[in-house]
Structures are given as C-alpha cells and as structure tokens.
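work-v4.cif (mmCIF, N, CA and C atoms)
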data_start
loop_
_atom_site.label_atom_id
_atom_site.label_comp_id
_atom_site.auth_asym_id
_atom_site.auth_seq_id
_atom_site.Cartn_x
_atom_site.Cartn_y
_atom_site.Cartn_z
N MET A 422 -35.36 -15.09 -35.97
CA MET A 422 -35.43 -13.83 -35.27
C MET A 422 -35.88 -12.71 -36.21
N PHE A 423 -35.34 -12.67 -37.43
CA PHE A 423 -35.72 -11.62 -38.35
C PHE A 423 -37.18 -11.74 -38.79
N THR A 424 -37.74 -12.93 -38.67
CA THR A 424 -39.14 -13.09 -39.04
C THR A 424 -40.07 -12.43 -38.04
N LEU A 425 -39.56 -12.09 -36.87
CA LEU A 425 -40.37 -11.40 -35.87
C LEU A 425 -40.43 -9.90 -36.11
N ILE A 426 -39.57 -9.40 -36.99
CA ILE A 426 -39.53 -7.98 -37.30
C ILE A 426 -40.35 -7.75 -38.57
N ASN A 427 -41.44 -7.01 -38.42
CA ASN A 427 -42.33 -6.72 -39.55
C ASN A 427 -42.02 -5.34 -40.10
N MET A 428 -41.56 -5.32 -41.35
CA MET A 428 -41.29 -4.06 -42.03
C MET A 428 -41.59 -4.26 -43.50
N PRO A 429 -41.91 -3.16 -44.20
CA PRO A 429 -42.08 -3.28 -45.64
C PRO A 429 -40.73 -3.58 -46.31
N LEU A 430 -40.80 -4.12 -47.50
CA LEU A 430 -39.59 -4.48 -48.23
C LEU A 430 -38.66 -3.28 -48.41
N TRP A 431 -39.22 -2.12 -48.70
CA TRP A 431 -38.38 -0.95 -48.93
C TRP A 431 -37.60 -0.57 -47.68
N ALA A 432 -38.16 -0.81 -46.49
CA ALA A 432 -37.44 -0.50 -45.25
C ALA A 432 -36.26 -1.46 -45.07
N TRP A 433 -36.49 -2.75 -45.38
CA TRP A 433 -35.39 -3.72 -45.34
C TRP A 433 -34.30 -3.32 -46.33
N LEU A 434 -34.69 -2.94 -47.54
CA LEU A 434 -33.70 -2.56 -48.56
C LEU A 434 -32.93 -1.31 -48.13
N TYR A 435 -33.63 -0.38 -47.50
CA TYR A 435 -32.96 0.82 -46.98
C TYR A 435 -31.90 0.45 -45.95
N LEU A 436 -32.25 -0.42 -45.01
CA LEU A 436 -31.29 -0.81 -43.97
C LEU A 436 -30.12 -1.58 -44.56
N VAL A 437 -30.37 -2.42 -45.55
CA VAL A 437 -29.28 -3.14 -46.23
C VAL A 437 -28.37 -2.14 -46.93
N LEU A 438 -28.94 -1.15 -47.61
CA LEU A 438 -28.13 -0.13 -48.29
C LEU A 438 -27.28 0.65 -47.30
N VAL A 439 -27.85 1.03 -46.17
CA VAL A 439 -27.10 1.76 -45.15
C VAL A 439 -25.94 0.89 -44.65
N LEU A 440 -26.19 -0.39 -44.44
CA LEU A 440 -25.14 -1.29 -43.98
C LEU A 440 -24.05 -1.45 -45.03
N ILE A 441 -24.42 -1.56 -46.29
CA ILE A 441 -23.43 -1.71 -47.37
C ILE A 441 -22.55 -0.47 -47.45
N VAL A 442 -23.15 0.70 -47.37
CA VAL A 442 -22.37 1.95 -47.44
C VAL A 442 -21.46 2.06 -46.22
N PHE A 443 -21.96 1.66 -45.06
CA PHE A 443 -21.13 1.68 -43.85
C PHE A 443 -19.89 0.79 -44.05
N ILE A 444 -20.10 -0.42 -44.53
CA ILE A 444 -18.98 -1.35 -44.76
C ILE A 444 -18.04 -0.82 -45.84
N ALA A 445 -18.60 -0.25 -46.89
CA ALA A 445 -17.78 0.28 -47.99
C ALA A 445 -16.87 1.41 -47.50
N GLY A 446 -17.31 2.12 -46.47
CA GLY A 446 -16.50 3.20 -45.93
C GLY A 446 -15.15 2.74 -45.39
N PHE A 447 -15.04 1.47 -45.05
CA PHE A 447 -13.78 0.95 -44.54
C PHE A 447 -12.79 0.63 -45.66
N PHE A 448 -13.24 0.66 -46.90
CA PHE A 448 -12.38 0.33 -48.03
C PHE A 448 -11.88 1.56 -48.77
N THR A 449 -12.01 2.72 -48.17
CA THR A 449 -11.48 3.93 -48.78
C THR A 449 -10.05 4.15 -48.28
N GLU A 450 -9.35 5.04 -48.95
CA GLU A 450 -7.97 5.31 -48.55
C GLU A 450 -7.89 6.18 -47.30
N TYR A 451 -8.97 6.87 -46.97
CA TYR A 451 -9.00 7.71 -45.79
C TYR A 451 -9.12 6.83 -44.55
N LYS A 452 -8.21 6.96 -43.64
CA LYS A 452 -8.21 6.18 -42.40
C LYS A 452 -8.95 6.95 -41.31
N ARG A 453 -9.86 6.29 -40.67
CA ARG A 453 -10.67 6.91 -39.63
C ARG A 453 -10.10 6.56 -38.25
N ASP A 454 -10.26 7.50 -37.32
CA ASP A 454 -9.80 7.22 -35.97
C ASP A 454 -10.92 6.53 -35.18
N PHE A 455 -10.62 6.16 -33.96
CA PHE A 455 -11.56 5.42 -33.13
C PHE A 455 -12.87 6.17 -32.92
N ASN A 456 -12.77 7.49 -32.70
CA ASN A 456 -13.98 8.29 -32.47
C ASN A 456 -14.90 8.29 -33.68
N GLU A 457 -14.33 8.42 -34.87
CA GLU A 457 -15.15 8.41 -36.08
C GLU A 457 -15.80 7.05 -36.30
N ILE A 458 -15.05 6.00 -36.07
CA ILE A 458 -15.60 4.66 -36.26
C ILE A 458 -16.69 4.38 -35.24
N SER A 459 -16.43 4.68 -33.97
CA SER A 459 -17.44 4.41 -32.95
C SER A 459 -18.68 5.26 -33.17
N GLY A 460 -18.51 6.50 -33.59
CA GLY A 460 -19.67 7.34 -33.89
C GLY A 460 -20.47 6.81 -35.06
N SER A 461 -19.77 6.32 -36.07
CA SER A 461 -20.46 5.75 -37.22
C SER A 461 -21.19 4.46 -36.86
N VAL A 462 -20.59 3.66 -36.00
CA VAL A 462 -21.25 2.42 -35.55
C VAL A 462 -22.52 2.78 -34.77
N LEU A 463 -22.43 3.76 -33.88
CA LEU A 463 -23.60 4.17 -33.12
C LEU A 463 -24.67 4.78 -34.02
N SER A 464 -24.24 5.52 -35.04
CA SER A 464 -25.19 6.09 -35.99
C SER A 464 -25.90 4.98 -36.77
N LEU A 465 -25.14 3.98 -37.21
CA LEU A 465 -25.73 2.84 -37.91
C LEU A 465 -26.73 2.13 -37.01
N PHE A 466 -26.35 1.88 -35.78
CA PHE A 466 -27.25 1.23 -34.82
C PHE A 466 -28.51 2.08 -34.61
N SER A 467 -28.33 3.38 -34.48
CA SER A 467 -29.46 4.28 -34.26
C SER A 467 -30.43 4.24 -35.43
N ILE A 468 -29.90 4.34 -36.63
CA ILE A 468 -30.76 4.32 -37.82
C ILE A 468 -31.53 3.00 -37.89
N CYS A 469 -30.83 1.90 -37.67
CA CYS A 469 -31.50 0.59 -37.72
C CYS A 469 -32.56 0.48 -36.64
N ALA A 470 -32.24 0.88 -35.42
CA ALA A 470 -33.20 0.78 -34.31
C ALA A 470 -34.41 1.67 -34.55
N LEU A 471 -34.18 2.87 -35.07
CA LEU A 471 -35.29 3.79 -35.28
C LEU A 471 -36.21 3.34 -36.40
N VAL A 472 -35.64 2.81 -37.47
CA VAL A 472 -36.47 2.32 -38.58
C VAL A 472 -37.27 1.10 -38.13
N VAL A 473 -36.63 0.19 -37.42
CA VAL A 473 -37.34 -0.98 -36.91
C VAL A 473 -38.43 -0.55 -35.93
N ALA A 474 -38.14 0.42 -35.07
CA ALA A 474 -39.13 0.89 -34.10
C ALA A 474 -40.33 1.56 -34.77
N LEU A 475 -40.10 2.18 -35.91
CA LEU A 475 -41.20 2.82 -36.63
C LEU A 475 -42.28 1.81 -37.02
N PHE A 476 -41.87 0.63 -37.41
CA PHE A 476 -42.81 -0.37 -37.90
C PHE A 476 -43.17 -1.43 -36.87
N ASN A 477 -42.51 -1.42 -35.73
CA ASN A 477 -42.74 -2.43 -34.70
C ASN A 477 -42.96 -1.74 -33.36
N PRO A 478 -44.20 -1.56 -32.97
CA PRO A 478 -44.49 -0.87 -31.71
C PRO A 478 -43.83 -1.53 -30.50
N SER A 479 -43.61 -2.84 -30.55
CA SER A 479 -42.96 -3.49 -29.41
C SER A 479 -41.52 -3.01 -29.25
N VAL A 480 -40.85 -2.75 -30.36
CA VAL A 480 -39.47 -2.23 -30.30
C VAL A 480 -39.50 -0.79 -29.79
N ALA A 481 -40.44 0.00 -30.28
CA ALA A 481 -40.57 1.39 -29.81
C ALA A 481 -40.87 1.41 -28.32
N SER A 482 -41.72 0.49 -27.88
CA SER A 482 -42.04 0.39 -26.45
C SER A 482 -40.81 -0.02 -25.65
N PHE A 483 -40.04 -0.96 -26.18
CA PHE A 483 -38.81 -1.40 -25.50
C PHE A 483 -37.82 -0.24 -25.36
N LEU A 484 -37.66 0.54 -26.43
CA LEU A 484 -36.73 1.66 -26.38
C LEU A 484 -37.27 2.78 -25.49
N GLY A 485 -38.57 2.94 -25.47
CA GLY A 485 -39.20 3.94 -24.62
C GLY A 485 -38.67 5.34 -24.84
N LEU A 486 -38.38 6.00 -23.74
CA LEU A 486 -37.91 7.39 -23.82
C LEU A 486 -36.49 7.51 -24.37
N LEU A 487 -35.77 6.39 -24.49
CA LEU A 487 -34.44 6.44 -25.09
C LEU A 487 -34.48 6.86 -26.56
N VAL A 488 -35.66 6.76 -27.17
CA VAL A 488 -35.79 7.18 -28.57
C VAL A 488 -35.42 8.66 -28.72
N PHE A 489 -35.76 9.47 -27.73
CA PHE A 489 -35.47 10.90 -27.82
C PHE A 489 -33.97 11.20 -27.87
N PRO A 490 -33.16 10.71 -26.92
CA PRO A 490 -31.72 10.98 -27.04
C PRO A 490 -31.07 10.26 -28.22
N ILE A 491 -31.56 9.08 -28.57
CA ILE A 491 -30.99 8.37 -29.73
C ILE A 491 -31.17 9.23 -30.98
N THR A 492 -32.36 9.76 -31.15
CA THR A 492 -32.64 10.59 -32.33
C THR A 492 -31.86 11.90 -32.27
N ALA A 493 -31.89 12.57 -31.14
CA ALA A 493 -31.22 13.87 -31.03
C ALA A 493 -29.71 13.76 -31.20
N ILE A 494 -29.11 12.80 -30.53
CA ILE A 494 -27.66 12.63 -30.64
C ILE A 494 -27.29 12.19 -32.05
N GLY A 495 -28.10 11.32 -32.65
CA GLY A 495 -27.83 10.87 -34.02
C GLY A 495 -27.89 12.01 -35.01
N ILE A 496 -28.90 12.86 -34.89
CA ILE A 496 -29.02 14.02 -35.79
C ILE A 496 -27.84 14.96 -35.59
N TYR A 497 -27.48 15.21 -34.33
CA TYR A 497 -26.33 16.08 -34.05
C TYR A 497 -25.05 15.48 -34.65
N TRP A 498 -24.84 14.18 -34.45
CA TRP A 498 -23.65 13.53 -34.97
C TRP A 498 -23.59 13.65 -36.48
N GLU A 499 -24.67 13.34 -37.16
CA GLU A 499 -24.69 13.37 -38.62
C GLU A 499 -24.49 14.79 -39.14
N HIS A 500 -25.06 15.77 -38.47
CA HIS A 500 -24.88 17.16 -38.89
C HIS A 500 -23.43 17.60 -38.74
N SER A 501 -22.84 17.34 -37.58
CA SER A 501 -21.45 17.75 -37.37
C SER A 501 -20.51 16.96 -38.26
N ARG A 502 -20.80 15.69 -38.48
CA ARG A 502 -19.98 14.86 -39.38
C ARG A 502 -20.08 15.37 -40.81
N ALA A 503 -21.27 15.78 -41.23
CA ALA A 503 -21.45 16.30 -42.58
C ALA A 503 -20.64 17.58 -42.77
N GLU A 504 -20.61 18.43 -41.76
CA GLU A 504 -19.82 19.66 -41.86
C GLU A 504 -18.33 19.34 -42.04
N ARG A 505 -17.82 18.37 -41.27
CA ARG A 505 -16.41 18.00 -41.40
C ARG A 505 -16.13 17.36 -42.76
N GLU A 506 -17.07 16.55 -43.23
CA GLU A 506 -16.89 15.89 -44.52
C GLU A 506 -16.90 16.89 -45.68
N ILE A 507 -17.69 17.95 -45.55
CA ILE A 507 -17.72 18.98 -46.60
C ILE A 507 -16.37 19.67 -46.69
N VAL A 508 -15.79 20.01 -45.55
CA VAL A 508 -14.46 20.64 -45.53
C VAL A 508 -13.43 19.70 -46.15
N PHE A 509 -13.49 18.42 -45.77
CA PHE A 509 -12.57 17.41 -46.31
C PHE A 509 -12.76 17.26 -47.82
N ALA A 510 -14.01 17.20 -48.26
CA ALA A 510 -14.28 17.02 -49.69
C ALA A 510 -13.83 18.23 -50.50
N ARG A 511 -14.04 19.43 -49.96
CA ARG A 511 -13.58 20.63 -50.66
C ARG A 511 -12.06 20.61 -50.83
N ALA A 512 -11.36 20.21 -49.80
CA ALA A 512 -9.89 20.14 -49.87
C ALA A 512 -9.47 19.12 -50.92
N ARG A 513 -10.13 17.95 -50.94
CA ARG A 513 -9.79 16.92 -51.92
C ARG A 513 -10.12 17.37 -53.34
N LEU A 514 -11.25 18.03 -53.50
CA LEU A 514 -11.65 18.48 -54.84
C LEU A 514 -10.76 19.61 -55.35
N SER A 515 -10.20 20.41 -54.44
CA SER A 515 -9.31 21.50 -54.87
C SER A 515 -8.03 20.96 -55.48
N GLU A 516 -7.68 19.70 -55.16
CA GLU A 516 -6.49 19.07 -55.74
C GLU A 516 -6.72 18.58 -57.17
N GLU A 517 -7.98 18.49 -57.58
CA GLU A 517 -8.31 18.02 -58.92
C GLU A 517 -8.24 19.21 -59.88
N ILE A 518 -7.08 19.40 -60.52
CA ILE A 518 -6.85 20.57 -61.35
C ILE A 518 -7.65 20.55 -62.66
N GLU A 519 -8.07 19.35 -63.10
CA GLU A 519 -8.82 19.29 -64.36
C GLU A 519 -10.29 19.71 -64.19
N LEU A 520 -10.72 19.91 -62.95
CA LEU A 520 -12.10 20.34 -62.70
C LEU A 520 -12.15 21.85 -62.50
N ASP A 521 -13.17 22.49 -63.07
CA ASP A 521 -13.34 23.91 -62.78
C ASP A 521 -14.21 24.07 -61.53
N ASP A 522 -14.39 25.29 -61.08
CA ASP A 522 -15.11 25.53 -59.82
C ASP A 522 -16.56 25.03 -59.87
N ASP A 523 -17.22 25.21 -61.01
CA ASP A 523 -18.61 24.74 -61.12
C ASP A 523 -18.69 23.22 -61.01
N GLU A 524 -17.75 22.53 -61.62
CA GLU A 524 -17.74 21.06 -61.53
C GLU A 524 -17.46 20.59 -60.11
N ARG A 525 -16.56 21.29 -59.43
CA ARG A 525 -16.27 20.95 -58.04
C ARG A 525 -17.52 21.13 -57.17
N GLU A 526 -18.21 22.23 -57.34
CA GLU A 526 -19.41 22.49 -56.55
C GLU A 526 -20.51 21.47 -56.88
N LEU A 527 -20.62 21.10 -58.15
CA LEU A 527 -21.61 20.09 -58.53
C LEU A 527 -21.31 18.76 -57.85
N LEU A 528 -20.06 18.33 -57.89
CA LEU A 528 -19.68 17.07 -57.25
C LEU A 528 -19.91 17.13 -55.74
N LEU A 529 -19.59 18.26 -55.14
CA LEU A 529 -19.81 18.42 -53.71
C LEU A 529 -21.30 18.36 -53.38
N ASN A 530 -22.13 19.02 -54.18
CA ASN A 530 -23.57 19.00 -53.94
C ASN A 530 -24.16 17.61 -54.15
N VAL A 531 -23.65 16.88 -55.12
CA VAL A 531 -24.12 15.51 -55.33
C VAL A 531 -23.75 14.64 -54.13
N ALA A 532 -22.54 14.81 -53.62
CA ALA A 532 -22.12 14.04 -52.44
C ALA A 532 -22.97 14.38 -51.23
N ILE A 533 -23.26 15.65 -51.03
CA ILE A 533 -24.10 16.06 -49.90
C ILE A 533 -25.50 15.47 -50.06
N GLY A 534 -26.03 15.52 -51.28
CA GLY A 534 -27.36 14.97 -51.53
C GLY A 534 -27.43 13.47 -51.30
N LEU A 535 -26.41 12.75 -51.75
CA LEU A 535 -26.40 11.29 -51.54
C LEU A 535 -26.30 10.95 -50.07
N ASN A 536 -25.48 11.70 -49.35
CA ASN A 536 -25.38 11.48 -47.91
C ASN A 536 -26.72 11.74 -47.23
N ALA A 537 -27.38 12.81 -47.63
CA ALA A 537 -28.68 13.13 -47.04
C ALA A 537 -29.71 12.04 -47.37
N LEU A 538 -29.70 11.56 -48.61
CA LEU A 538 -30.63 10.49 -48.98
C LEU A 538 -30.38 9.22 -48.17
N LEU A 539 -29.17 9.06 -47.72
CA LEU A 539 -28.82 7.85 -46.98
C LEU A 539 -29.20 7.95 -45.50
N VAL A 540 -28.93 9.06 -44.85
CA VAL A 540 -29.13 9.12 -43.40
C VAL A 540 -30.43 9.78 -42.97
N VAL A 541 -30.95 10.70 -43.76
CA VAL A 541 -32.14 11.43 -43.33
C VAL A 541 -33.35 10.53 -43.10
N PRO A 542 -33.64 9.55 -43.97
CA PRO A 542 -34.82 8.71 -43.70
C PRO A 542 -34.78 8.00 -42.34
N GLY A 543 -33.61 7.57 -41.93
CA GLY A 543 -33.50 6.89 -40.64
C GLY A 543 -33.84 7.80 -39.47
N TYR A 544 -33.40 9.05 -39.54
CA TYR A 544 -33.68 9.96 -38.44
C TYR A 544 -35.08 10.56 -38.54
N VAL A 545 -35.63 10.63 -39.74
CA VAL A 545 -37.04 11.01 -39.87
C VAL A 545 -37.90 9.93 -39.22
N ALA A 546 -37.53 8.67 -39.41
CA ALA A 546 -38.24 7.58 -38.72
C ALA A 546 -38.16 7.79 -37.21
N GLY A 547 -37.00 8.20 -36.72
CA GLY A 547 -36.84 8.46 -35.30
C GLY A 547 -37.72 9.60 -34.83
N LEU A 548 -37.82 10.67 -35.63
CA LEU A 548 -38.70 11.78 -35.26
C LEU A 548 -40.16 11.34 -35.23
N ILE A 549 -40.55 10.50 -36.18
CA ILE A 549 -41.93 10.00 -36.18
C ILE A 549 -42.19 9.16 -34.93
N VAL A 550 -41.23 8.31 -34.57
CA VAL A 550 -41.39 7.50 -33.36
C VAL A 550 -41.48 8.42 -32.14
N CYS A 551 -40.66 9.47 -32.09
CA CYS A 551 -40.73 10.43 -30.98
C CYS A 551 -42.11 11.07 -30.89
N PHE A 552 -42.64 11.50 -32.03
CA PHE A 552 -43.97 12.11 -32.02
C PHE A 552 -45.04 11.11 -31.62
N ASN A 553 -44.89 9.86 -32.04
CA ASN A 553 -45.84 8.83 -31.62
C ASN A 553 -45.81 8.61 -30.12
N ILE A 554 -44.62 8.67 -29.53
CA ILE A 554 -44.50 8.51 -28.07
C ILE A 554 -45.14 9.70 -27.36
N ILE A 555 -44.89 10.89 -27.87
CA ILE A 555 -45.51 12.09 -27.27
C ILE A 555 -47.03 11.98 -27.38
N LYS A 556 -47.50 11.54 -28.53
CA LYS A 556 -48.94 11.40 -28.73
C LYS A 556 -49.54 10.38 -27.77
N SER A 557 -48.80 9.30 -27.53
CA SER A 557 -49.31 8.27 -26.61
C SER A 557 -49.37 8.78 -25.16
N PHE A 558 -48.42 9.66 -24.80
CA PHE A 558 -48.44 10.24 -23.46
C PHE A 558 -49.57 11.24 -23.28
N SER A 559 -49.90 11.92 -24.37
CA SER A 559 -50.95 12.94 -24.27
C SER A 559 -52.35 12.34 -24.42
N GLY A 560 -52.41 11.02 -24.57
CA GLY A 560 -53.70 10.35 -24.64
C GLY A 560 -54.29 10.32 -26.02
N GLY A 561 -53.49 10.68 -27.04
CA GLY A 561 -53.99 10.64 -28.42
C GLY A 561 -54.14 9.23 -28.90
N ALA A 562 -55.02 9.06 -29.86
CA ALA A 562 -55.28 7.70 -30.37
C ALA A 562 -54.27 7.27 -31.37
#

Kindly return the structure encoded in the file as structure tokens.
Amino acid sequence: MFTLINMPLWAWLYLVLVLIVFIAGFFTEYKRDFNEISGSVLSLFSICALVVALFNPSVASFLGLLVFPITAIGIYWEHSRAEREIVFARARLSEEIELDDDERELLLNVAIGLNALLVVPGYVAGLIVCFNIIKSFSGGA
C-alpha cells in the first residue's frame, strides 16, 4: 500500500518525525484530556493527509473540497493550541529559579520555533493543495 504513495524522501522523513513527536507527547508527565488527545490525533491525520495530497493528485482529488476545512480547522487548532502551550510553558519556566528572565524567554522562543518547524510545513502543504484546487476550478493549467 505504501508503495502506491509517491513522495520525496524528505516528505516521508517529515511525516515520520511528526509521528515520533506525537507519540513522544504521551510520555511526558503532563496528562492530556480527551479533547486535547482527539484534537492532536486529528491534527496528525490532517498533516499526513495534506502532505500526501500535495504529492499525489489522486489523494487530493479524493479529498476534494474537504481540503479547505481540513486545512482551516487544522491551522486554527494549532494556533489556539500554541497559545495555550505558551501560557503553560511560561508557568513551568517561572518555577525554574536558576534561570533568569532572558534564559526563560530564550527557551520559550526555542520551543515555539521547534513547534512551528514541526507543524507549519504540513499546513503549508494544505494551503498549496487548496490553491491547486482553486486553480483547477478556474481553468488554470
């Protein structure tokens, strides 16, 4: 089945990395509720579907107009989740008395950057697929 999915190696590695980070999230001391877990599962599915659809027109065709809500809801979810995580991270970092304010901000910015590097490519793929669908409707080549 996986041999039917054509993607560059870097796209496969990206999806594997996203899956590893998703699984690693279950091994932290922070316990997530059902809503957080289900949202993360849907986000993982969205990222995987959008990246696969970018390189496989048959998948993009299968998803059709669902690509638009998948991308929009995924971006909204990740944005609102990032805001909550920043508040949580600030509270956790404030407990670290050996760190000064600059070190706390640096760690927070690194965490935000790593999160962005992880999820943004998947939703950029979704935006590209959305634009390709719009282009196909408008008769573009």

- Can you check which residues of chain A DSSP gives as helix (DSSP H, G or I) on the backbone and send them as a ChimeraX atom specification? /A:423-425,430-448,455-476,478-515,522-558

- Task: May I ask which of the residues A:Tyr451, A:Trp498, A:Phe483, A:Tyr544 is the closest one to Leu471 (chain A), counting only N, CA and C atoms?
- Result: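 Answer, going by the shortest atom-to-atom distance: A:Tyr544.
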
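Distances to Ala470 (chain A) were evaluated for A:Ala546, A:Asn553, A:Ala510, A:Tyr497 using only C-alpha atoms, and the minimum falls at A:Ala546.
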
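One finds atom C of Val531 (chain A) at 26.2 Å from atom N of Leu430 (chain A).
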
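Of the residues listed (A:Ile533, A:Leu514, A:Val540, A:Ala481), A:Val540 shows the shortest atom-to-atom separation from Ile468 (chain A); distances use all atoms listed in the file.
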
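Here atom N of Gly460 (chain A) and atom C of Ala432 (chain A) stand 22.6 Å from one another.
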
- Item | 12 Å contact set for Leu425 (chain A), only C-alpha atoms, chain neighbours under 6 positions out, as a PyMOL selection string | chain A and resi 473+476-477+479-480

- For Cys551 (chain A), which of A:Ser515, A:Thr492, A:Ser467, A:Ser501 is the closest residue, counting only C-alpha atoms?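 Result for the nearest residue to Cys551 (chain A): A:Thr492.
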
- Query: Which distance in Å separates atom C of Lys452 (chain A) and CA of Asp522 (chain A), to one decimal?
  - Reply: 26.9 Å

- Query: Ser557 (chain A): which residues within 12 Å, counting only C-alpha atoms, same-chain residues fewer than 4 positions away excluded, as a list in words?
  - Reply: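 My list of contacting residues is Pro478, Ala481, Ser482, Gly485, Leu486, Val550, Cys551, Phe552, Asn553, Gly561 and Ala562 of chain A.
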
- Looking at only C-alpha atoms, which of A:Val472, A:Ile494, A:Lys556, A:Gly534 is the one that sits closest to Val437 (chain A)?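 The closest residue to Val437 (chain A) is A:Val472.
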